Each structure stands twice: as structure tokens, then as C-alpha cells.
file entry-v9.cif (mmCIF, C-alpha atoms)
data_data
loop_
_atom_site.group_PDB
_atom_site.id
_atom_site.type_symbol
_atom_site.label_atom_id
_atom_site.label_comp_id
_atom_site.auth_asym_id
_atom_site.auth_seq_id
_atom_site.Cartn_x
_atom_site.Cartn_y
_atom_site.Cartn_z
ATOM 1 C CA MET P 270 -0.728 17.933 5.255
ATOM 2 C CA PRO P 271 -0.368 16.683 8.867
ATOM 3 C CA ARG P 272 1.726 13.567 9.390
ATOM 4 C CA LEU P 273 0.972 10.596 11.558
ATOM 5 C CA ASP P 274 3.520 9.048 13.885
ATOM 6 C CA ASP P 275 4.315 5.334 13.883
ATOM 7 C CA ALA P 276 1.837 4.666 16.683
ATOM 8 C CA PHE P 277 -1.138 5.750 14.574
ATOM 9 C CA SER P 278 -4.006 3.264 14.363
ATOM 10 C CA PHE P 279 -7.723 3.448 13.779
ATOM 11 C CA GLY P 280 -8.755 1.506 16.892
ATOM 12 C CA SER P 281 -12.536 1.026 16.949
ATOM 13 C CA SER P 282 -13.516 4.428 15.571
ATOM 14 C CA GLY P 283 -15.359 2.995 12.575
ATOM 15 C CA SER P 284 -19.113 2.877 13.003
ATOM 16 C CA PRO P 285 -21.556 0.667 11.092
ATOM 17 C CA GLY P 286 -23.740 2.227 8.474
ATOM 18 C CA SER P 287 -27.431 1.856 7.846
ATOM 19 C CA GLY P 288 -28.643 -1.726 7.830
ATOM 20 C CA HIS P 289 -25.613 -2.864 9.859
ATOM 21 C CA ASP P 290 -25.803 -6.384 11.355
ATOM 22 C CA PRO P 291 -23.312 -6.550 14.263
ATOM 23 C CA SER P 292 -23.512 -10.340 14.508
ATOM 24 C CA ARG P 293 -22.004 -10.701 11.027
ATOM 25 C CA GLU P 294 -19.473 -7.862 10.981
ATOM 26 C CA VAL P 295 -16.194 -9.713 11.370
ATOM 27 C CA ARG P 296 -17.021 -13.238 10.293
ATOM 28 C CA PRO P 297 -14.532 -13.978 7.505
ATOM 29 C CA ALA P 298 -16.112 -14.629 4.128
ATOM 30 C CA ALA P 299 -14.687 -15.644 0.762
ATOM 31 C CA SER P 300 -16.998 -13.261 -1.088
ATOM 32 C CA ARG P 301 -19.565 -10.551 -0.440
ATOM 33 C CA SER P 302 -22.982 -11.712 0.680
ATOM 34 C CA ALA P 303 -24.731 -9.261 -1.647
ATOM 35 C CA LEU P 304 -23.960 -6.656 -4.287
ATOM 36 C CA ARG P 305 -22.983 -3.307 -2.855
ATOM 37 C CA GLU P 306 -25.073 -0.296 -3.664
ATOM 38 C CA ARG P 307 -23.765 1.507 -6.717
ATOM 39 C CA PRO P 308 -24.774 4.968 -7.964
ATOM 40 C CA ALA P 309 -27.435 4.961 -10.667
ATOM 41 C CA LEU P 310 -25.411 7.239 -12.892
ATOM 42 C CA ILE P 311 -21.619 6.995 -12.861
ATOM 43 C CA ALA P 312 -19.376 9.487 -14.589
ATOM 44 C CA LEU P 313 -16.547 7.988 -16.630
ATOM 45 C CA ILE P 314 -13.347 9.801 -15.779
ATOM 46 C CA ALA P 315 -9.937 9.221 -17.376
ATOM 47 C CA LEU P 316 -7.317 9.394 -14.686
ATOM 48 C CA GLY P 317 -3.621 9.937 -15.361
ATOM 49 C CA VAL P 318 -1.872 8.501 -12.353
ATOM 50 C CA VAL P 319 1.708 7.362 -12.060
ATOM 51 C CA VAL P 320 1.485 3.825 -10.707
ATOM 52 C CA LEU P 321 4.327 2.212 -8.836
ATOM 53 C CA ALA P 322 5.620 -1.349 -9.232
ATOM 54 C CA VAL P 323 5.929 -4.421 -7.113
ATOM 55 C CA VAL P 324 8.716 -4.241 -4.603
ATOM 56 C CA ALA P 325 10.686 -7.436 -4.165
ATOM 57 C CA VAL P 326 9.532 -8.763 -0.789
ATOM 58 C CA THR P 327 12.181 -10.612 1.152
ATOM 59 C CA GLU P 328 11.328 -14.297 1.608
ATOM 60 C CA LEU P 329 11.067 -14.807 5.316
ATOM 61 C CA GLY P 330 12.252 -17.652 7.437
ATOM 62 C CA GLY P 331 10.312 -18.553 10.547
ATOM 63 C CA PRO P 332 7.609 -20.928 11.646
ATOM 64 C CA GLY P 333 5.478 -22.515 8.995
ATOM 65 C CA GLU P 334 1.957 -23.808 9.367
ATOM 66 C CA GLY P 335 1.617 -25.860 12.527
ATOM 67 C CA SER P 336 4.607 -24.253 14.245
ATOM 68 C CA ILE P 337 4.413 -23.116 17.870
ATOM 69 C CA GLY P 338 7.834 -21.445 17.885
ATOM 70 C CA ASP P 339 8.730 -17.787 17.738
ATOM 71 C CA ALA P 340 6.700 -15.711 15.290
ATOM 72 C CA ALA P 341 8.675 -14.174 12.432
ATOM 73 C CA PRO P 342 7.679 -10.579 11.584
ATOM 74 C CA ILE P 343 6.730 -9.764 8.005
ATOM 75 C CA ALA P 344 9.419 -7.786 6.161
ATOM 76 C CA GLY P 345 9.549 -5.682 3.023
ATOM 77 C CA SER P 346 11.140 -2.419 1.890
ATOM 78 C CA GLN P 347 10.574 1.323 1.951
ATOM 79 C CA GLN P 348 11.815 1.568 -1.642
ATOM 80 C CA VAL P 349 9.471 0.773 -4.543
ATOM 81 C CA ARG P 350 10.063 0.862 -8.282
ATOM 82 C CA VAL P 351 7.849 2.758 -10.728
ATOM 83 C CA PRO P 352 6.236 0.348 -13.248
ATOM 84 C CA ALA P 353 4.154 0.739 -16.379
ATOM 85 C CA LEU P 354 1.198 3.103 -16.080
ATOM 86 C CA GLY P 355 -1.955 1.303 -14.953
ATOM 87 C CA ASP P 356 -0.386 -1.461 -12.885
ATOM 88 C CA ALA P 357 -0.814 -1.941 -9.135
ATOM 89 C CA ALA P 358 0.788 -4.141 -6.501
ATOM 90 C CA ALA P 359 0.111 -5.361 -2.964
ATOM 91 C CA VAL P 360 3.389 -5.112 -1.005
ATOM 92 C CA PHE P 361 4.731 -4.859 2.547
ATOM 93 C CA LEU P 362 6.818 -2.000 3.946
ATOM 94 C CA ALA P 363 9.906 -2.506 6.116
ATOM 95 C CA ASP P 364 7.875 -2.938 9.321
ATOM 96 C CA GLY P 365 5.529 -5.431 7.642
ATOM 97 C CA ARG P 366 2.722 -2.931 7.092
ATOM 98 C CA PRO P 367 0.700 -3.847 3.961
ATOM 99 C CA VAL P 368 0.194 -1.103 1.371
ATOM 100 C CA PHE P 369 -0.869 -0.829 -2.247
ATOM 101 C CA ILE P 370 1.453 0.792 -4.747
ATOM 102 C CA VAL P 371 -0.945 3.020 -6.637
ATOM 103 C CA SER P 372 0.506 6.348 -5.403
ATOM 104 C CA VAL P 373 1.141 4.726 -1.987
ATOM 105 C CA VAL P 374 -2.183 3.846 -0.302
ATOM 106 C CA ASP P 375 -2.642 2.024 2.989
ATOM 107 C CA ALA P 376 -4.229 -1.436 2.808
ATOM 108 C CA PHE P 377 -6.102 -1.047 6.112
ATOM 109 C CA SER P 378 -9.783 -0.156 5.788
ATOM 110 C CA THR P 379 -10.764 2.708 8.074
ATOM 111 C CA HIS P 380 -13.935 0.793 9.008
ATOM 112 C CA THR P 381 -13.028 -1.226 12.141
ATOM 113 C CA PRO P 382 -16.256 -2.509 13.754
ATOM 114 C CA PHE P 383 -15.773 -3.602 17.372
ATOM 115 C CA GLY P 384 -12.050 -2.839 17.036
ATOM 116 C CA VAL P 385 -11.446 -5.540 14.423
ATOM 117 C CA GLY P 386 -9.875 -4.409 11.148
ATOM 118 C CA THR P 387 -9.787 -5.758 7.618
ATOM 119 C CA LEU P 388 -7.594 -5.188 4.569
ATOM 120 C CA VAL P 389 -8.953 -3.722 1.344
ATOM 121 C CA GLY P 390 -8.324 -5.154 -2.112
ATOM 122 C CA TRP P 391 -7.500 -3.345 -5.386
ATOM 123 C CA CYS P 392 -10.148 -3.817 -8.084
ATOM 124 C CA ALA P 393 -8.529 -3.093 -11.461
ATOM 125 C CA ALA P 394 -11.873 -3.179 -13.293
ATOM 126 C CA THR P 395 -13.146 -0.120 -11.383
ATOM 127 C CA ARG P 396 -9.777 1.262 -10.241
ATOM 128 C CA THR P 397 -11.040 1.299 -6.663
ATOM 129 C CA PHE P 398 -9.952 -0.043 -3.283
ATOM 130 C CA ASP P 399 -12.717 -2.229 -1.898
ATOM 131 C CA ASP P 400 -13.382 -3.500 1.619
ATOM 132 C CA LEU P 401 -14.732 -6.867 0.471
ATOM 133 C CA GLN P 402 -15.791 -7.764 4.012
ATOM 134 C CA HIS P 403 -17.959 -4.724 4.825
ATOM 135 C CA GLY P 404 -18.658 -2.951 1.530
ATOM 136 C CA SER P 405 -16.734 0.344 1.694
ATOM 137 C CA THR P 406 -15.177 1.647 -1.538
ATOM 138 C CA PHE P 407 -12.370 4.178 -2.082
ATOM 139 C CA ASP P 408 -10.929 5.691 -5.258
ATOM 140 C CA GLU P 409 -7.348 5.125 -6.408
ATOM 141 C CA HIS P 410 -6.157 8.083 -4.324
ATOM 142 C CA GLY P 411 -7.730 6.529 -1.204
ATOM 143 C CA ARG P 412 -10.653 8.974 -1.044
ATOM 144 C CA TYR P 413 -14.013 7.728 0.259
ATOM 145 C CA ILE P 414 -16.727 6.831 -2.271
ATOM 146 C CA LEU P 415 -19.353 4.768 -0.418
ATOM 147 C CA GLY P 416 -19.983 2.365 2.474
ATOM 148 C CA PRO P 417 -19.700 2.487 6.298
ATOM 149 C CA ALA P 418 -16.067 3.688 6.473
ATOM 150 C CA PRO P 419 -15.719 6.940 8.476
ATOM 151 C CA SER P 420 -13.050 8.428 6.174
ATOM 152 C CA GLY P 421 -10.796 7.785 3.212
ATOM 153 C CA LEU P 422 -7.671 5.604 3.395
ATOM 154 C CA VAL P 423 -4.307 6.655 4.780
ATOM 155 C CA THR P 424 -1.742 7.589 2.115
ATOM 156 C CA PHE P 425 2.045 7.994 2.266
ATOM 157 C CA GLU P 426 4.586 10.586 1.230
ATOM 158 C CA THR P 427 7.008 9.443 -1.482
ATOM 159 C CA THR P 428 10.362 10.782 -2.676
ATOM 160 C CA ASP P 429 11.767 10.150 -6.153
ATOM 161 C CA LEU P 430 15.276 8.712 -5.715
ATOM 162 C CA GLY P 431 16.335 9.627 -9.258
ATOM 163 C CA THR P 432 17.409 6.094 -10.148
ATOM 164 C CA THR P 433 16.965 3.888 -13.216
ATOM 165 C CA PRO P 434 14.674 2.040 -13.099
ATOM 166 C CA ALA P 435 12.712 4.775 -11.341
ATOM 167 C CA THR P 436 12.468 4.124 -7.609
ATOM 168 C CA GLU P 437 10.638 5.973 -4.849
ATOM 169 C CA GLN P 438 11.217 6.044 -1.116
ATOM 170 C CA VAL P 439 8.088 5.611 0.997
ATOM 171 C CA GLY P 440 7.925 8.129 3.842
ATOM 172 C CA ALA P 441 5.479 9.329 6.481
ATOM 173 C CA ARG P 442 1.843 8.389 6.654
ATOM 174 C CA GLN P 443 -0.688 11.154 5.973
ATOM 175 C CA LEU P 444 -4.039 11.785 7.636
ATOM 176 C CA PRO P 445 -6.855 10.255 5.566
ATOM 177 C CA ALA P 446 -9.159 12.541 3.624
ATOM 178 C CA PRO P 447 -12.460 13.121 5.462
ATOM 179 C CA ARG P 448 -15.560 11.261 4.344
ATOM 180 C CA THR P 449 -16.975 14.532 3.020
ATOM 181 C CA GLU P 450 -14.134 14.781 0.483
ATOM 182 C CA LEU P 451 -15.647 12.356 -2.001
ATOM 183 C CA GLY P 452 -13.506 10.376 -4.396
ATOM 184 C CA THR P 453 -13.831 10.175 -8.158
ATOM 185 C CA PRO P 454 -16.880 8.165 -9.332
ATOM 186 C CA PHE P 455 -16.027 4.909 -11.070
ATOM 187 C CA SER P 456 -17.352 2.680 -13.839
ATOM 188 C CA GLY P 457 -17.002 -0.962 -14.747
ATOM 189 C CA PRO P 458 -18.021 -4.232 -13.071
ATOM 190 C CA PRO P 459 -17.269 -4.291 -9.323
ATOM 191 C CA CYS P 460 -15.035 -6.955 -7.800
ATOM 192 C CA MET P 461 -17.189 -9.321 -5.766
ATOM 193 C CA SER P 462 -14.531 -11.584 -4.196
ATOM 194 C CA PRO P 463 -10.798 -11.634 -3.390
ATOM 195 C CA ALA P 464 -10.260 -13.798 -6.483
ATOM 196 C CA GLU P 465 -11.215 -10.796 -8.643
ATOM 197 C CA ALA P 466 -8.964 -8.307 -6.845
ATOM 198 C CA ILE P 467 -5.298 -7.789 -6.007
ATOM 199 C CA VAL P 468 -4.931 -8.631 -2.308
ATOM 200 C CA HIS P 469 -2.060 -9.242 0.086
ATOM 201 C CA ARG P 470 -1.000 -12.887 0.230
ATOM 202 C CA ILE P 471 0.788 -14.420 3.192
ATOM 203 C CA GLY P 472 3.446 -17.045 2.468
ATOM 204 C CA ARG P 473 3.734 -20.105 4.703
ATOM 205 C CA GLY P 474 7.168 -19.005 5.879
ATOM 206 C CA GLN P 475 5.571 -15.768 7.150
ATOM 207 C CA LEU P 476 2.821 -17.510 9.119
ATOM 208 C CA THR P 477 2.548 -18.921 12.638
ATOM 209 C CA ASN P 478 -0.461 -20.706 14.109
ATOM 210 C CA SER P 479 0.499 -19.790 17.680
ATOM 211 C CA PRO P 480 -0.958 -16.431 18.766
ATOM 212 C CA ALA P 481 0.895 -16.871 22.082
ATOM 213 C CA ALA P 482 4.196 -16.912 20.168
ATOM 214 C CA ALA P 483 3.124 -13.779 18.289
ATOM 215 C CA ALA P 484 2.419 -12.028 21.614
ATOM 216 C CA ARG P 485 6.083 -12.617 22.486
ATOM 217 C CA GLY P 486 7.192 -11.293 19.090
ATOM 218 C CA THR P 487 8.976 -8.158 17.935
ATOM 219 C CA LEU P 488 7.495 -4.883 19.199
ATOM 220 C CA GLY P 489 6.163 -2.570 16.488
ATOM 221 C CA ARG P 490 6.313 -5.179 13.706
ATOM 222 C CA TRP P 491 3.372 -6.749 11.928
ATOM 223 C CA MET P 492 3.060 -10.543 12.121
ATOM 224 C CA ALA P 493 0.745 -13.007 10.370
ATOM 225 C CA VAL P 494 -1.132 -15.492 12.561
ATOM 226 C CA ALA P 495 -3.497 -18.289 11.560
ATOM 227 C CA GLY P 496 -6.207 -18.579 14.183
ATOM 228 C CA VAL P 497 -9.699 -18.005 15.503
ATOM 229 C CA LEU P 498 -10.885 -14.875 17.321
ATOM 230 C CA VAL P 499 -12.745 -15.976 20.468
ATOM 231 C CA VAL P 500 -14.765 -13.884 22.921
ATOM 232 C CA THR P 501 -15.829 -15.558 26.160
ATOM 233 C CA PRO P 502 -18.647 -14.557 28.565
ATOM 234 C CA ASP P 503 -16.227 -12.352 30.536
ATOM 235 C CA ASP P 504 -15.958 -10.203 27.331
ATOM 236 C CA ALA P 505 -12.246 -11.051 27.005
ATOM 237 C CA ALA P 506 -11.102 -11.356 23.384
ATOM 238 C CA ARG P 507 -8.421 -13.893 22.515
ATOM 239 C CA LEU P 508 -6.788 -15.131 19.341
ATOM 240 C CA CYS P 509 -6.314 -18.910 19.482
ATOM 241 C CA SER P 510 -5.053 -21.608 17.179
ATOM 242 C CA SER P 511 -7.930 -23.476 15.534
ATOM 243 C CA GLY P 512 -7.487 -26.548 17.737
ATOM 244 C CA ASP P 513 -7.473 -24.651 21.029
ATOM 245 C CA ALA P 514 -10.488 -22.532 20.100
ATOM 246 C CA THR P 515 -12.861 -25.401 19.266
ATOM 247 C CA ILE P 516 -13.055 -26.887 22.751
ATOM 248 C CA THR P 517 -11.419 -24.641 25.315
ATOM 249 C CA ILE P 518 -9.051 -21.710 25.703
ATOM 250 C CA GLY P 519 -5.718 -23.494 25.297
ATOM 251 C CA PRO P 520 -2.036 -22.613 25.679
ATOM 252 C CA SER P 521 -1.703 -21.167 22.167
ATOM 253 C CA CYS P 522 -4.217 -18.390 22.923
ATOM 254 C CA ALA P 523 -3.257 -14.753 23.481
ATOM 255 C CA LEU P 524 -5.331 -11.880 24.821
ATOM 256 C CA VAL P 525 -6.223 -9.213 22.243
ATOM 257 C CA SER P 526 -6.525 -5.601 23.405
ATOM 258 C CA GLY P 527 -8.758 -2.947 21.843
ATOM 259 C CA VAL P 528 -11.600 -5.317 20.861
ATOM 260 C CA ASP P 529 -15.176 -4.617 21.980
ATOM 261 C CA GLY P 530 -15.911 -8.103 23.317
ATOM 262 C CA SER P 531 -19.446 -7.333 24.465
ATOM 263 C CA GLY P 532 -20.287 -5.913 21.035
ATOM 264 C CA LEU P 533 -19.075 -9.064 19.299
ATOM 265 C CA LEU P 534 -20.904 -11.319 21.763
ATOM 266 C CA GLY P 535 -24.289 -9.676 21.332
ATOM 267 C CA ALA P 536 -26.853 -12.219 22.558
ATOM 268 C CA GLU P 537 -24.416 -15.138 22.201
ATOM 269 C CA THR P 538 -22.642 -16.767 25.134
ATOM 270 C CA THR P 539 -19.404 -17.270 23.174
ATOM 271 C CA TYR P 540 -18.210 -15.718 19.915
ATOM 272 C CA ARG P 541 -15.874 -17.561 17.533
ATOM 273 C CA SER P 542 -14.820 -16.362 14.114
ATOM 274 C CA ASP P 543 -14.047 -18.745 11.290
ATOM 275 C CA PRO P 544 -10.405 -19.905 11.058
ATOM 276 C CA SER P 545 -8.595 -17.071 9.298
ATOM 277 C CA ILE P 546 -5.290 -15.306 8.750
ATOM 278 C CA TRP P 547 -4.794 -12.186 10.891
ATOM 279 C CA LEU P 548 -2.235 -9.406 10.919
ATOM 280 C CA VAL P 549 -1.362 -8.419 14.486
ATOM 281 C CA ARG P 550 1.198 -6.490 16.485
ATOM 282 C CA THR P 551 2.201 -6.964 20.103
ATOM 283 C CA ASP P 552 2.776 -4.734 23.121
ATOM 284 C CA GLY P 553 4.952 -7.457 24.642
ATOM 285 C CA THR P 554 2.172 -9.328 26.449
ATOM 286 C CA GLU P 555 -1.008 -8.967 24.383
ATOM 287 C CA LEU P 556 -1.840 -8.781 20.696
ATOM 288 C CA THR P 557 -3.085 -5.466 19.282
ATOM 289 C CA GLU P 558 -4.797 -4.195 16.116
ATOM 290 C CA PRO P 559 -6.207 -7.558 14.907
ATOM 291 C CA THR P 560 -6.831 -7.250 11.164
ATOM 292 C CA LEU P 561 -8.467 -9.872 8.971
ATOM 293 C CA VAL P 562 -6.509 -10.681 5.807
ATOM 294 C CA THR P 563 -9.410 -11.255 3.418
ATOM 295 C CA GLY P 564 -8.406 -13.742 0.737
ATOM 296 C CA GLY P 565 -4.845 -13.846 2.062
ATOM 297 C CA GLU P 566 -4.469 -17.628 2.354
ATOM 298 C CA ALA P 567 -0.954 -18.903 2.639
ATOM 299 C CA GLY P 568 0.572 -20.054 -0.641
#

call {"tool": "encode", "arguments": {"input": "entry-v9.cif", "output": "C-alpha cells"}}
result
Amino acid sequence: MPRLDDAFSFGSSGSPGSGHDPSREVRPAASRSALRERPALIALIALGVVVLAVVAVTELGGPGEGSIGDAAPIAGSQQVRVPALGDAAAVFLADGRPVFIVSVVDAFSTHTPFGVGTLVGWCAATRTFDDLQHGSTFDEHGRYILGPAPSGLVTFETTDLGTTPATEQVGARQLPAPRTELGTPFSGPPCMSPAEAIVHRIGRGQLTNSPAAAARGTLGRWMAVAGVLVVTPDDAARLCSSGDATITIGPSCALVSGVDGSGLLGAETTYRSDPSIWLVRTDGTELTEPTLVTGGEAG
């Protein structure tokens, strides 16, 4: 299967499905606004899948909430231990990329309206990955089941290291399965909010509230930023701390590339998201790949 290099990202390739409301696409929400459509008849399939365990994530130093210092990148490991069958975990790889350890499946939804991403959650009740913000659902192998996503989820190669306890090395990312390659139907009650799912949590030591500091951060590494996504009448998208975004574009703000500002604005003169936690990377001057961490409040 073709591999993806480290620069791979989905950009704004995701397109809304039927009934799409652009004005509500990326406004953070604690739960879904309505039940997703589910098939009338769902086959019950018993799946035998080796499930991997939680990797010990290094506790990071760095700016806590309210800090305007340098942004500390999120860190983790490329080695994960194999746990009891049926478990799942939300972990971070060495570059800070969030993944789920259920064969190794990327946590980034492939639906990125207006260039703004979101993380999926793992619903144990249905054994599915769910985009709780926009309604796409994927099976435990990352294959598409339903919703506006254009494809399945990215997966990763793994290599058994032959250790005790069993440990696997996470390798290259793989191209996602096309939308036409449907995943296994599911049964059970769907997860309706982050509280019902396994999601990635951001610790306070991993979080900065200064997007400008994040823009000066480490190239190629994922960072967690508390802030508000703002689009002004010139269509420029910026991530700002909550205080700077409420009145004016202040010194904590950083430009965000790859966002369709005019699409987010719609008929509004200014667009502001709710205060949220975002995963971002930097090209040295601007923030890139803004991704909403649904339910990922700092603990």
C-alpha cells in the first residue's frame, strides 16, 4: 500500500454532505446537535482484532494556562504496548500527532470543512471512530461508514518488536481507504458526546494560550493552543487568545494558513469560534493545519 511522507495533510479537501450548514461547521460543541442517521438494519459482526495498549506519554514542561512564553510541543513515543483484547487508547506519537491504538488509526477526521480539522473519538459501545463535530463514522480499521468525510481514516504500519510485554513500533502512515470501500456495519448505542467516548486530552503543561508563541515554535511538531479562531472582513484567518479576540486583533494572534476565510465568513462581517483547544503546527511564521480538539479540555 502506498506510503505518505511526513508532510501529508488533508488540507481543505473535505466537502460537506447533504444538508450541510456552513455557518455551523466549525463552531465547537460539547455534544452533537442531533442524532446521526443510522442504517435501519445493522448486521452484528464479531471482530477479532488485536488491540494495542496505552503508551506512557511523557509529561511535558512548558507554558501552562495563561502563559505567553514559548510553546512546548506535544511529545509521545513511536513504541506502543499490546494490551488486553478489546481495549483502546488515545495517545500521541513522537512528533505529537494524536492517534488511536486500535491497530494504529489516525485521530484526524478526513472531513476538513473550510480547511479546519477536528479529531475523532473512539466509541467502545459501537467499536467505531466518530467525528462528534460533523457526524462522520468509521469502523475500527478506519474505513468509512457514513457521514460527509471524503474517505476513511489514515492508518499506520506497525512492527512487532518481539518484547515482553508485547510492544510494537509505529511506522509510516498509509493512504486512507476510499469512501467506496465501506467499513463493517456496527451495532449498539452511538456515542453522542465526548464524555461517552475515548478522546485525546491535553494537559495544562502541554497548553499555551498564545498562538503567536506557537507560531514561533518547533517546525514539524504538533502544539496545543487555547484560543479563538477569528476571520476578519479581509478574509484573513487568525488564532487569538480569548482576550485578544473579543475586542480586537491583539499581540497574541497568529495568522493561520490554509483556511477558507470567505467560506467561514459567509454573510457575517466577522467570524469568531467559541474558545477552544486547537492542535496546530507552524511553518516558522504562520500556524498551519488548525484542528479542533473536541472534548480535549485541559486536566

call {"tool": "resolve_selection", "arguments": {"input": "entry-v9.cif", "expression": "the PyMOL selection byres ((chain P and resi 548) around 6)", "output": "list in words"}}
result
Met492, Ala493, Trp547, Val549, Pro559 and Thr560 of chain P

call {"tool": "resolve_selection", "arguments": {"input": "entry-v9.cif", "expression": "the PyMOL selection byres ((chain P and resi 490) around 10)", "output": "VMD selection string"}}
result
chain P and resid 341 to 344 363 to 366 486 to 489 491 to 492 548 to 551

call {"tool": "resolve_selection", "arguments": {"input": "entry-v9.cif", "expression": "the PyMOL selection byres ((chain P and resi 533-542) around 6)", "output": "PyMOL selection string"}}
result
chain P and resi 296+497-502+530-532+543

call {"tool": "closest_residue", "arguments": {"input": "entry-v9.cif", "among": "P:Pro447, P:Gly384, P:Pro367, P:Pro459", "to": "Asp529 (chain P)", "atoms": "all atoms listed in the file"}}
result
P:Gly384

call {"tool": "residues_around", "arguments": {"input": "entry-v9.cif", "residues": "Thr424 (chain P)", "least_positions_apart": "6", "cutoff": "12 Å", "atoms": "all atoms listed in the file", "output": "PyMOL selection string"}}
result
chain P and resi 270-273+367-379+407-412+439-446

call {"tool": "atom_distance", "arguments": {"input": "entry-v9.cif", "atom1": "CA of Cys460 (chain P)", "atom2": "CA of Ala357 (chain P)"}}
result
15.1 Å

call {"tool": "atom_distance", "arguments": {"input": "entry-v9.cif", "atom1": "CA of Arg507 (chain P)", "atom2": "CA of Cys522 (chain P)"}}
result
6.2 Å

call {"tool": "closest_residue", "arguments": {"input": "entry-v9.cif", "among": "P:Ser456, P:Ser405, P:Thr381, P:Thr554", "to": "Pro417 (chain P)", "atoms": "all atoms listed in the file"}}
result
P:Ser405

call {"tool": "closest_residue", "arguments": {"input": "entry-v9.cif", "among": "P:Thr387, P:Leu524, P:Glu426, P:Gly431", "to": "Asp504 (chain P)", "atoms": "all atoms listed in the file"}}
result
P:Leu524

call {"tool": "atom_distance", "arguments": {"input": "entry-v9.cif", "atom1": "CA of Ala483 (chain P)", "atom2": "CA of Ala505 (chain P)"}}
result
17.9 Å

call {"tool": "closest_residue", "arguments": {"input": "entry-v9.cif", "among": "P:Val562, P:Ala506, P:Leu451, P:Ile546", "to": "Asn478 (chain P)", "atoms": "only C-alpha atoms"}}
result
P:Ile546

call {"tool": "closest_residue", "arguments": {"input": "entry-v9.cif", "among": "P:Leu556, P:Val525, P:Ala481, P:Leu508", "to": "Ala340 (chain P)", "atoms": "only C-alpha atoms"}}
result
P:Ala481

call {"tool": "residues_near_point", "arguments": {"input": "entry-v9.cif", "point": "(9.9, 10.6, -3.9)", "cutoff": "8 Å", "atoms": "all atoms listed in the file", "output": "list in words"}}
result
Glu426, Thr427, Thr428, Asp429, Leu430, Thr436, Glu437, Gln438 and Val439 of chain P

call {"tool": "write_last_selection", "arguments": {"input": "entry-v9.cif", "atoms": "C-alpha atoms", "output": "PDB file, in the coordinates of the input"}}
result
ATOM      1  CA  GLU P 426       4.586  10.586   1.230  1.00  0.00           C
ATOM      2  CA  THR P 427       7.008   9.443  -1.482  1.00  0.00           C
ATOM      3  CA  THR P 428      10.362  10.782  -2.676  1.00  0.00           C
ATOM      4  CA  ASP P 429      11.767  10.150  -6.153  1.00  0.00           C
ATOM      5  CA  LEU P 430      15.276   8.712  -5.715  1.00  0.00           C
ATOM      6  CA  THR P 436      12.468   4.124  -7.609  1.00  0.00           C
ATOM      7  CA  GLU P 437      10.638   5.973  -4.849  1.00  0.00           C
ATOM      8  CA  GLN P 438      11.217   6.044  -1.116  1.00  0.00           C
ATOM      9  CA  VAL P 439       8.088   5.611   0.997  1.00  0.00           C
TER      10      VAL P 439
END

call {"tool": "closest_residue", "arguments": {"input": "entry-v9.cif", "among": "P:Gly345, P:Gly457, P:Gly452, P:Pro419", "to": "Thr395 (chain P)", "atoms": "all atoms listed in the file"}}
result
P:Gly457

call {"tool": "axis_aligned_box", "arguments": {"input": "entry-v9.cif", "around": "region 504-511 of chain P", "padding_each_side": "4 Å", "output": "JSON"}}
result
{"center_x": -10.5, "center_y": -16.8, "center_z": 21.4, "size_x": 18.9, "size_y": 21.3, "size_z": 19.8}

call {"tool": "decode", "arguments": {"input": "entry-v9.cif", "residues": "region 467-507 of chain P", "atoms": "C-alpha atoms", "output": "mmCIF file, in the first residue's frame"}}
result
data_model
loop_
_atom_site.group_PDB
_atom_site.id
_atom_site.type_symbol
_atom_site.label_atom_id
_atom_site.label_comp_id
_atom_site.auth_asym_id
_atom_site.auth_seq_id
_atom_site.Cartn_x
_atom_site.Cartn_y
_atom_site.Cartn_z
ATOM 1 C CA ILE P 467 -12.280 7.958 24.397
ATOM 2 C CA VAL P 468 -10.775 11.246 23.194
ATOM 3 C CA HIS P 469 -7.381 12.923 23.355
ATOM 4 C CA ARG P 470 -6.935 15.068 26.459
ATOM 5 C CA ILE P 471 -4.489 17.948 26.663
ATOM 6 C CA GLY P 472 -2.710 18.503 29.982
ATOM 7 C CA ARG P 473 -2.147 22.041 31.251
ATOM 8 C CA GLY P 474 1.610 21.629 30.931
ATOM 9 C CA GLN P 475 1.100 20.921 27.205
ATOM 10 C CA LEU P 476 -1.022 24.014 26.571
ATOM 11 C CA THR P 477 -0.262 27.631 25.688
ATOM 12 C CA ASN P 478 -2.805 30.417 25.266
ATOM 13 C CA SER P 479 -0.519 32.420 22.970
ATOM 14 C CA PRO P 480 -0.944 31.468 19.295
ATOM 15 C CA ALA P 481 1.860 33.938 18.488
ATOM 16 C CA ALA P 482 4.226 31.877 20.659
ATOM 17 C CA ALA P 483 3.076 28.715 18.877
ATOM 18 C CA ALA P 484 3.874 30.328 15.503
ATOM 19 C CA ARG P 485 7.467 30.674 16.731
ATOM 20 C CA GLY P 486 7.507 27.048 17.899
ATOM 21 C CA THR P 487 9.247 23.907 16.692
ATOM 22 C CA LEU P 488 8.848 23.148 12.980
ATOM 23 C CA GLY P 489 7.035 19.898 12.189
ATOM 24 C CA ARG P 490 5.779 19.332 15.749
ATOM 25 C CA TRP P 491 2.190 19.477 16.923
ATOM 26 C CA MET P 492 1.365 22.007 19.651
ATOM 27 C CA ALA P 493 -1.779 22.604 21.714
ATOM 28 C CA VAL P 494 -3.136 26.160 21.830
ATOM 29 C CA ALA P 495 -6.117 27.546 23.733
ATOM 30 C CA GLY P 496 -7.741 30.244 21.637
ATOM 31 C CA VAL P 497 -10.406 31.560 19.307
ATOM 32 C CA LEU P 498 -10.362 31.260 15.510
ATOM 33 C CA VAL P 499 -11.146 34.698 14.050
ATOM 34 C CA VAL P 500 -11.813 35.679 10.434
ATOM 35 C CA THR P 501 -11.924 39.391 9.637
ATOM 36 C CA PRO P 502 -13.517 41.151 6.623
ATOM 37 C CA ASP P 503 -10.241 40.863 4.679
ATOM 38 C CA ASP P 504 -10.776 37.035 4.821
ATOM 39 C CA ALA P 505 -7.602 36.610 6.907
ATOM 40 C CA ALA P 506 -7.868 33.802 9.467
ATOM 41 C CA ARG P 507 -6.105 34.187 12.802
#
